[in-house]
Amino acid sequence: MKSVPHATSLRRAPVQRRSAERLTRILDACAELLDEVGYDALSTRAVALRAGVPIGSVYRFFGNKRQMADALAQRNLERYTERVTERLRKASTGDWRAAMDAVLDEYLAMKRTAPGFALVDFGNQIPVGARHAEPNTRVADRLTDLLSGYLGRTPDDDLRRVFLVAVESADALVQLAFRTDPDGDEAIIAETRELLRAYLARVLD
């Protein structure tokens with residue numbers, strides 16, 4: 001089942017299956033056009049045309065392209081969470097190194113393959129969402145909730161801070177890796193993995 005963004009990013013949440021499928025087409029078209037023309041040249045009219053829906057259908061869900069990009073960022077986070085969860089099902093419970101590899105590997109996979117992800121990811125690359133809802137905080141909170149049970153840890157403020165520092169650090173280094181090489185500089189990614197392991201070992205070992 002394809003994930004849809006949380007209702008708070010939408011003017012109106014889809015209720016019927018047909019409406020949900022239309023929203024999926026709109027977000028898929030938005031992602032494709034972001035790769036093709038960039039955010040500045042993106043328009044709601046172009047998205048409607050690509051999605052094969054009336055322009056009114058776009059405005060039924062979104063007031064502007066910023067809201068549409070934020071919904072795409074939220075959908076990316078939902079899909080990322082699903083991918084990490086699936087990886088963790090195959091790993092030994094409590095193995096934080098396997099969990100960290102899943103978190104980093106699935107992010108890199110989406111960075112390389114998911115349409116529109118290079119520009120939007122979870123909301124970092126363009127200014128989407130509310131000012132107080134920093135995207136990396138959103139990601140760190142989601143990972144804390146997802147991984148705390150797997151690791152046998154209490155999802156308290158200390159653990160949230162640790163994951164936020166890890167997410168912020170990894171994000172900065174991964175962006176560097178992809179600025180250096182369009183496919184992600186493997187040497188920088190390897191250094192990122194070692195840095196995360198050294199930092200998390202202090203808390204999770």
# chains A, B, ... in the order shown; residues from 1 in each chain; ligands from 1

$ closest_atom_pairs --of "segment 145-191 of chain A" --to "segment 74-81 of chain A" --cutoff "12 Å" --atoms "only C-alpha atoms" --output "CSV"
residue,atom,partner,partner_atom,distance
A:Asp145,CA,A:Thr81,CA,10.5
A:Leu146,CA,A:Thr81,CA,8.0
A:Leu147,CA,A:Thr81,CA,10.5

$ residues_around --residues "Ala170 of chain A" --least-positions-apart "5" --cutoff "10 Å" --atoms "only C-alpha atoms" --output "list in words"
Leu104, Leu164, Val165, Gln175, Leu176, Ile189, Thr192, Arg193, Leu195 and Leu196 of chain A

$ residues_around --residues "Leu143 of chain A" --least-positions-apart "2" --cutoff "10 Å" --atoms "only C-alpha atoms" --output "PyMOL selection string"
chain A and resi 81+84-85+103+137-141+145-148+155+160+163-164+167

$ write_last_selection --atoms "C-alpha atoms" --output "short mmCIF file (atom, residue, chain, number, x, y, z; two decimals), in the first residue's frame"
data_model
loop_
_atom_site.label_atom_id
_atom_site.label_comp_id
_atom_site.auth_asym_id
_atom_site.auth_seq_id
_atom_site.Cartn_x
_atom_site.Cartn_y
_atom_site.Cartn_z
CA THR A 81 10.08 4.70 8.00
CA VAL A 84 13.74 1.02 7.82
CA THR A 85 11.07 -0.99 9.66
CA VAL A 103 18.84 3.98 8.82
CA THR A 137 13.81 17.08 14.47
CA ARG A 138 10.86 15.38 12.79
CA VAL A 139 13.15 12.65 11.46
CA ALA A 140 14.97 12.21 14.79
CA ASP A 141 11.70 11.95 16.70
CA ASP A 145 10.01 6.18 18.43
CA LEU A 146 10.87 3.50 15.86
CA LEU A 147 14.19 2.33 17.32
CA SER A 148 13.69 2.65 21.09
CA PRO A 155 12.46 7.08 24.35
CA ARG A 160 15.97 12.04 21.39
CA PHE A 163 19.41 10.78 17.68
CA LEU A 164 18.97 14.44 16.73
CA VAL A 167 20.69 12.88 12.23
#

$ select_by_dssp --residues "segment 113-197 of chain A" --states "alpha helix (DSSP H)" --output "PyMOL selection string"
chain A and resi 113+117-120+135-151+157-180+186-197

$ atom_distance --atom1 "atom CA of Leu27 of chain A" --atom2 "atom CA of Val47 of chain A"
8.3 Å

$ closest_residue --among "A:Arg153, A:Arg197, A:Arg142, A:Arg45" --to "Ser169 of chain A" --atoms "only C-alpha atoms"
A:Arg197

$ residues_around --residues "Ala177 of chain A" --least-positions-apart "5" --cutoff "7 Å" --atoms "only C-alpha atoms" --output "ChimeraX atom specification"
/A:184-185,188-189

$ closest_residue --among "A:Ser43, A:Ala102, A:Pro135, A:Ser57" --to "Ala20 of chain A" --atoms "only C-alpha atoms"
A:Ser57

$ closest_residue --among "A:Glu36, A:Glu106, A:Asp28, A:Glu82" --to "Ala69 of chain A" --atoms "only C-alpha atoms"
A:Asp28

$ closest_residue --among "A:Leu42, A:Ile55, A:Val162, A:Asp35" --to "Arg22 of chain A" --atoms "only C-alpha atoms"
A:Ile55

$ atom_distance --atom1 "atom CA of Arg179 of chain A" --atom2 "atom CA of Tyr39 of chain A"
17.9 Å

$ closest_residue --among "A:Ala198, A:Leu204, A:Ala187, A:Asn136" --to "Ala172 of chain A" --atoms "only C-alpha atoms"
A:Asn136
